[in-house]
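*Asks:* PDB, C-alpha atoms and all ligand atoms, saved as coords-v3.pdb, coming up:
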ATOM      1  CA  MET A 549      14.939   0.654  26.958
ATOM      2  CA  LYS A 550      16.214  -2.018  29.312
ATOM      3  CA  VAL A 551      14.954  -2.592  32.835
ATOM      4  CA  THR A 552      16.344  -4.957  35.447
ATOM      5  CA  TRP A 553      14.237  -6.319  38.295
ATOM      6  CA  ARG A 554      16.126  -7.679  41.297
ATOM      7  CA  LEU A 555      14.219 -10.342  43.154
ATOM      8  CA  ALA A 556      14.422 -11.076  46.863
ATOM      9  CA  ASP A 557      16.000 -14.489  46.149
ATOM     10  CA  GLY A 558      18.937 -12.847  44.357
ATOM     11  CA  ARG A 559      17.751 -13.519  40.815
ATOM     12  CA  GLU A 560      17.670 -10.725  38.261
ATOM     13  CA  ILE A 561      15.380 -10.395  35.289
ATOM     14  CA  THR A 562      16.321  -7.955  32.551
ATOM     15  CA  GLY A 563      13.857  -7.117  29.834
ATOM     16  CA  GLU A 564      13.418  -4.808  26.902
ATOM     17  CA  VAL A 565      10.559  -2.385  27.539
ATOM     18  CA  ALA A 566       8.826  -0.223  24.942
ATOM     19  CA  ASN A 567       8.705   3.497  25.665
ATOM     20  CA  GLY A 568       5.372   4.582  27.093
ATOM     21  CA  LEU A 569       4.694   1.320  28.903
ATOM     22  CA  ASN A 570       4.493   1.605  32.678
ATOM     23  CA  MET A 571       6.704  -0.539  34.906
ATOM     24  CA  MET A 572       3.806  -2.672  36.161
ATOM     25  CA  GLU A 573       2.868  -3.564  32.571
ATOM     26  CA  ALA A 574       6.544  -4.124  31.806
ATOM     27  CA  ALA A 575       6.940  -6.465  34.797
ATOM     28  CA  VAL A 576       3.895  -8.500  33.780
ATOM     29  CA  ALA A 577       5.172  -8.702  30.180
ATOM     30  CA  ASN A 578       8.542  -9.951  31.438
ATOM     31  CA  ASN A 579       7.053 -12.500  33.860
ATOM     32  CA  VAL A 580       8.521 -10.794  36.902
ATOM     33  CA  PRO A 581       7.063 -12.559  39.940
ATOM     34  CA  HIS A 582       5.329 -10.651  42.745
ATOM     35  CA  VAL A 583       4.638  -7.469  40.770
ATOM     36  CA  ILE A 584       0.916  -7.578  40.249
ATOM     37  CA  GLY A 585      -1.281  -4.968  38.617
ATOM     38  CA  GLU A 586      -4.620  -5.770  40.209
ATOM     39  CA  CYS A 587      -6.142  -2.428  39.318
ATOM     40  CA  GLY A 588      -4.561  -2.146  35.891
ATOM     41  CA  GLY A 589      -2.533   0.903  36.848
ATOM     42  CA  ASN A 590      -5.382   2.987  38.267
ATOM     43  CA  LEU A 591      -3.753   3.675  41.609
ATOM     44  CA  SER A 592      -6.202   1.593  43.567
ATOM     45  CA  CYS A 593      -4.143  -1.372  44.601
ATOM     46  CA  ALA A 594      -0.607  -1.698  45.904
ATOM     47  CA  PRO A 595       0.924  -5.022  44.833
ATOM     48  CA  CYS A 596       2.792  -3.259  42.042
ATOM     49  CA  HIS A 597       5.001  -1.781  44.804
ATOM     50  CA  VAL A 598       8.753  -1.807  44.062
ATOM     51  CA  TYR A 599      11.876  -0.163  45.439
ATOM     52  CA  VAL A 600      13.760   2.016  42.992
ATOM     53  CA  ASP A 601      17.507   1.420  43.024
ATOM     54  CA  GLU A 602      19.215   4.330  44.776
ATOM     55  CA  ALA A 603      21.032   5.425  41.594
ATOM     56  CA  TRP A 604      17.683   5.906  39.796
ATOM     57  CA  ARG A 605      15.619   7.653  42.441
ATOM     58  CA  GLU A 606      15.972  11.144  41.107
ATOM     59  CA  LYS A 607      15.317  10.202  37.494
ATOM     60  CA  THR A 608      12.112   8.364  38.311
ATOM     61  CA  GLY A 609      10.577  11.496  39.857
ATOM     62  CA  GLU A 610       8.463  12.192  42.912
ATOM     63  CA  VAL A 611       5.739  10.098  44.491
ATOM     64  CA  GLY A 612       2.299  11.494  43.580
ATOM     65  CA  ASP A 613      -0.403  12.242  46.203
ATOM     66  CA  PHE A 614      -2.624   9.229  45.494
ATOM     67  CA  GLU A 615       0.418   7.061  45.102
ATOM     68  CA  ASP A 616       1.571   8.239  48.504
ATOM     69  CA  ASP A 617      -1.703   7.077  50.099
ATOM     70  CA  MET A 618      -1.528   3.692  48.402
ATOM     71  CA  LEU A 619       2.081   3.152  49.445
ATOM     72  CA  ASP A 620       0.976   3.569  53.056
ATOM     73  CA  VAL A 621      -1.171   0.453  52.719
ATOM     74  CA  ALA A 622       1.302  -1.603  50.665
ATOM     75  CA  GLU A 623       1.991  -5.011  52.124
ATOM     76  CA  ALA A 624       5.795  -4.827  52.028
ATOM     77  CA  GLU A 625       7.558  -2.294  54.213
ATOM     78  CA  ARG A 626       7.491   1.224  52.811
ATOM     79  CA  LEU A 627      10.970   2.648  52.271
ATOM     80  CA  PRO A 628      12.099   6.075  51.021
ATOM     81  CA  GLN A 629      12.652   4.531  47.576
ATOM     82  CA  SER A 630       9.202   2.910  47.423
ATOM     83  CA  ARG A 631       7.142   3.512  44.295
ATOM     84  CA  LEU A 632       4.112   2.020  42.646
ATOM     85  CA  SER A 633       5.576   0.656  39.456
ATOM     86  CA  CYS A 634       2.502   1.561  37.402
ATOM     87  CA  GLN A 635       3.395   5.205  38.044
ATOM     88  CA  ILE A 636       6.809   4.986  36.382
ATOM     89  CA  THR A 637       6.684   5.224  32.605
ATOM     90  CA  ALA A 638       9.353   3.864  30.313
ATOM     91  CA  SER A 639      11.325   6.556  28.518
ATOM     92  CA  PRO A 640      14.796   6.779  26.958
ATOM     93  CA  GLU A 641      16.132   8.597  30.061
ATOM     94  CA  LEU A 642      15.327   5.541  32.159
ATOM     95  CA  ASP A 643      17.284   3.104  30.000
ATOM     96  CA  GLY A 644      19.067   0.736  32.401
ATOM     97  CA  LEU A 645      16.613   1.311  35.261
ATOM     98  CA  VAL A 646      16.939  -1.088  38.201
ATOM     99  CA  LEU A 647      13.899  -1.955  40.324
ATOM    100  CA  ILE A 648      13.963  -4.109  43.434
ATOM    101  CA  VAL A 649      10.975  -6.339  44.034
ATOM    102  CA  PRO A 650      10.009  -6.504  47.740
ATOM    103  CA  GLU A 651      10.029  -9.846  49.498
ATOM    104  CA  PRO A 652       6.652 -11.535  48.865
TER     105      PRO A 652
HETATM  106 FE1  LIG B   1      -2.687  -0.845  40.899
HETATM  107 FE2  LIG B   1      -0.255   0.072  40.370
HETATM  108  S1  LIG B   1      -1.325  -1.470  39.356
HETATM  109  S2  LIG B   1      -1.661   0.800  41.852
END
For the file at hand, write its structure as structure tokens.
*Replies:*
Amino acid sequence: MKVTWRLADGREITGEVANGLNMMEAAVANNVPHVIGECGGNLSCAPCHVYVDEAWREKTGEVGDFEDDMLDVAEAERLPQSRLSCQITASPELDGLVLIVPEP
């Protein structure tokens, strides 16, 4: 599947992502700046915070309870479309997904 990350400076990075990989791992593999997986996807950091493009919000599902707590302490402003990217898993339904990387 393809994922596009929109950066705060207007650049876009599009990468091919294997199904089953989470979006933090995918961002690291595609050298997307400012998406960092300090905890390796264990829900105990927040720098993997991204904003899901409005068109993809429903498909990416609901924020989990622990994720909700971590988003409250994320550095960038929390918005309704905020997610921890390690909690979104690549799947064929998400082909074309667009994620917005918060301003560093
Ligand atoms: Fe730590 Fe996502 S990588 S919460």
*Asks:* Counting all atoms listed in the file, I want the residues whose atoms come within 12 Å of (8.5, 2.6, 42.3) in the file frame, returned as a count of residues only.
*Replies:* 47
*Asks:* Could you give me, as a list in words, the residues within 10 Å of Glu651 in chain A, counting only C-alpha atoms and dropping anything in the same chain fewer than 2 positions from it?
*Replies:*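 Those residues are Leu555, Ala556, Asp557, His582, Val598, Glu623, Ala624, Glu625, Ile648 and Val649 of chain A.
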*Asks:* When distances are computed from all atoms listed in the file, which of A:Ala638, A:Gly644, A:Cys593, A:Ala603 shows the smallest separation from ligand LIG 1 (chain B)?
*Replies:*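 Going through A:Ala638, A:Gly644, A:Cys593, A:Ala603 one by one, the smallest distance to ligand LIG 1 (chain B) is for A:Cys593.
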*Asks:* What does the distance between atom FE2 of ligand LIG 1 (chain B) and CA of Glu564 in chain A come to in Å, to one decimal place?
*Replies:*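 Between these atoms lies a distance of 19.8 Å.
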*Asks:* As an exercise, work out the distance from CA of Ala574 in chain A to CA of Val621 in chain A in Å and give it to one decimal place.
*Replies:* 22.8 Å
*Asks:* Which one is closest to Glu586 in chain A: A:Asp643, A:Glu560, A:Asp617, A:Glu573? Count all atoms listed in the file.
*Replies:* A:Glu573
*Asks:* Could you please determine the separation between CA of Pro652 in chain A and atom FE1 of ligand LIG 1 (chain B) in Å, to one decimal place?
*Replies:*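 These two atoms are separated by 16.3 Å.
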*Asks:* So which one's closest to ligand LIG 1 (chain B), A:Val551, A:Leu642, A:Cys587, A:Val565? Using all atoms listed in the file, please.
*Replies:* A:Cys587
*Asks:* Please determine an axis-aligned box that encloses all atoms of ligand LIG 1 (chain B) listed in the file, with 3 Å added on each side, and express its centre and edge lengths in Å to one decimal as JSON.
*Replies:*
{"center_x": -1.5, "center_y": -0.3, "center_z": 40.6, "size_x": 8.4, "size_y": 8.3, "size_z": 8.5}
*Asks:* Determine the residue set returned by the PyMOL selection byres (((chain A and resi 567) around 6) and not hetatm) for the present structure, and present it as a PyMOL selection string.
*Replies:* chain A and resi 566+568-569+638-639
*Asks:* Place N, CA and C atoms on range 588-607 of chain A and deliver the coordinates as a PDB file, in the coordinates of the input.
*Replies:*
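Output below, filename part_35.pdb:
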ATOM      1  N   GLY A 588      -4.877  -2.539  37.265  1.00  0.00           N
ATOM      2  CA  GLY A 588      -4.561  -2.146  35.891  1.00  0.00           C
ATOM      3  C   GLY A 588      -3.887  -0.789  35.803  1.00  0.00           C
ATOM      4  N   GLY A 589      -3.273  -0.356  36.883  1.00  0.00           N
ATOM      5  CA  GLY A 589      -2.533   0.903  36.848  1.00  0.00           C
ATOM      6  C   GLY A 589      -3.365   2.113  37.215  1.00  0.00           C
ATOM      7  N   ASN A 590      -4.492   1.873  37.909  1.00  0.00           N
ATOM      8  CA  ASN A 590      -5.382   2.987  38.267  1.00  0.00           C
ATOM      9  C   ASN A 590      -5.181   3.508  39.676  1.00  0.00           C
ATOM     10  N   LEU A 591      -4.072   3.180  40.273  1.00  0.00           N
ATOM     11  CA  LEU A 591      -3.753   3.675  41.609  1.00  0.00           C
ATOM     12  C   LEU A 591      -4.753   3.231  42.656  1.00  0.00           C
ATOM     13  N   SER A 592      -5.300   2.036  42.509  1.00  0.00           N
ATOM     14  CA  SER A 592      -6.202   1.593  43.567  1.00  0.00           C
ATOM     15  C   SER A 592      -5.861   0.199  44.066  1.00  0.00           C
ATOM     16  N   CYS A 593      -4.610  -0.163  43.923  1.00  0.00           N
ATOM     17  CA  CYS A 593      -4.143  -1.372  44.601  1.00  0.00           C
ATOM     18  C   CYS A 593      -2.717  -1.046  45.037  1.00  0.00           C
ATOM     19  N   ALA A 594      -1.995  -2.014  45.570  1.00  0.00           N
ATOM     20  CA  ALA A 594      -0.607  -1.698  45.904  1.00  0.00           C
ATOM     21  C   ALA A 594       0.373  -2.815  45.578  1.00  0.00           C
ATOM     22  N   PRO A 595      -0.061  -3.953  45.083  1.00  0.00           N
ATOM     23  CA  PRO A 595       0.924  -5.022  44.833  1.00  0.00           C
ATOM     24  C   PRO A 595       1.869  -4.755  43.664  1.00  0.00           C
ATOM     25  N   CYS A 596       1.796  -3.594  43.065  1.00  0.00           N
ATOM     26  CA  CYS A 596       2.792  -3.259  42.042  1.00  0.00           C
ATOM     27  C   CYS A 596       3.947  -2.478  42.675  1.00  0.00           C
ATOM     28  N   HIS A 597       3.972  -2.474  44.020  1.00  0.00           N
ATOM     29  CA  HIS A 597       5.001  -1.781  44.804  1.00  0.00           C
ATOM     30  C   HIS A 597       6.409  -2.323  44.495  1.00  0.00           C
ATOM     31  N   VAL A 598       7.340  -1.428  44.233  1.00  0.00           N
ATOM     32  CA  VAL A 598       8.753  -1.807  44.062  1.00  0.00           C
ATOM     33  C   VAL A 598       9.622  -0.767  44.770  1.00  0.00           C
ATOM     34  N   TYR A 599      10.883  -1.120  44.951  1.00  0.00           N
ATOM     35  CA  TYR A 599      11.876  -0.163  45.439  1.00  0.00           C
ATOM     36  C   TYR A 599      12.751   0.236  44.262  1.00  0.00           C
ATOM     37  N   VAL A 600      12.907   1.533  44.076  1.00  0.00           N
ATOM     38  CA  VAL A 600      13.760   2.016  42.992  1.00  0.00           C
ATOM     39  C   VAL A 600      15.212   2.000  43.474  1.00  0.00           C
ATOM     40  N   ASP A 601      16.093   1.431  42.675  1.00  0.00           N
ATOM     41  CA  ASP A 601      17.507   1.420  43.024  1.00  0.00           C
ATOM     42  C   ASP A 601      17.973   2.856  43.293  1.00  0.00           C
ATOM     43  N   GLU A 602      18.772   3.004  44.318  1.00  0.00           N
ATOM     44  CA  GLU A 602      19.215   4.330  44.776  1.00  0.00           C
ATOM     45  C   GLU A 602      19.696   5.222  43.615  1.00  0.00           C
ATOM     46  N   ALA A 603      20.451   4.649  42.696  1.00  0.00           N
ATOM     47  CA  ALA A 603      21.032   5.425  41.594  1.00  0.00           C
ATOM     48  C   ALA A 603      19.968   6.005  40.654  1.00  0.00           C
ATOM     49  N   TRP A 604      18.731   5.492  40.737  1.00  0.00           N
ATOM     50  CA  TRP A 604      17.683   5.906  39.796  1.00  0.00           C
ATOM     51  C   TRP A 604      16.580   6.724  40.450  1.00  0.00           C
ATOM     52  N   ARG A 605      16.721   6.991  41.727  1.00  0.00           N
ATOM     53  CA  ARG A 605      15.619   7.653  42.441  1.00  0.00           C
ATOM     54  C   ARG A 605      15.257   9.000  41.857  1.00  0.00           C
ATOM     55  N   GLU A 606      16.251   9.800  41.600  1.00  0.00           N
ATOM     56  CA  GLU A 606      15.972  11.144  41.107  1.00  0.00           C
ATOM     57  C   GLU A 606      15.302  11.108  39.729  1.00  0.00           C
ATOM     58  N   LYS A 607      15.827  10.262  38.871  1.00  0.00           N
ATOM     59  CA  LYS A 607      15.317  10.202  37.494  1.00  0.00           C
ATOM     60  C   LYS A 607      13.877   9.697  37.419  1.00  0.00           C
TER      61      LYS A 607
END
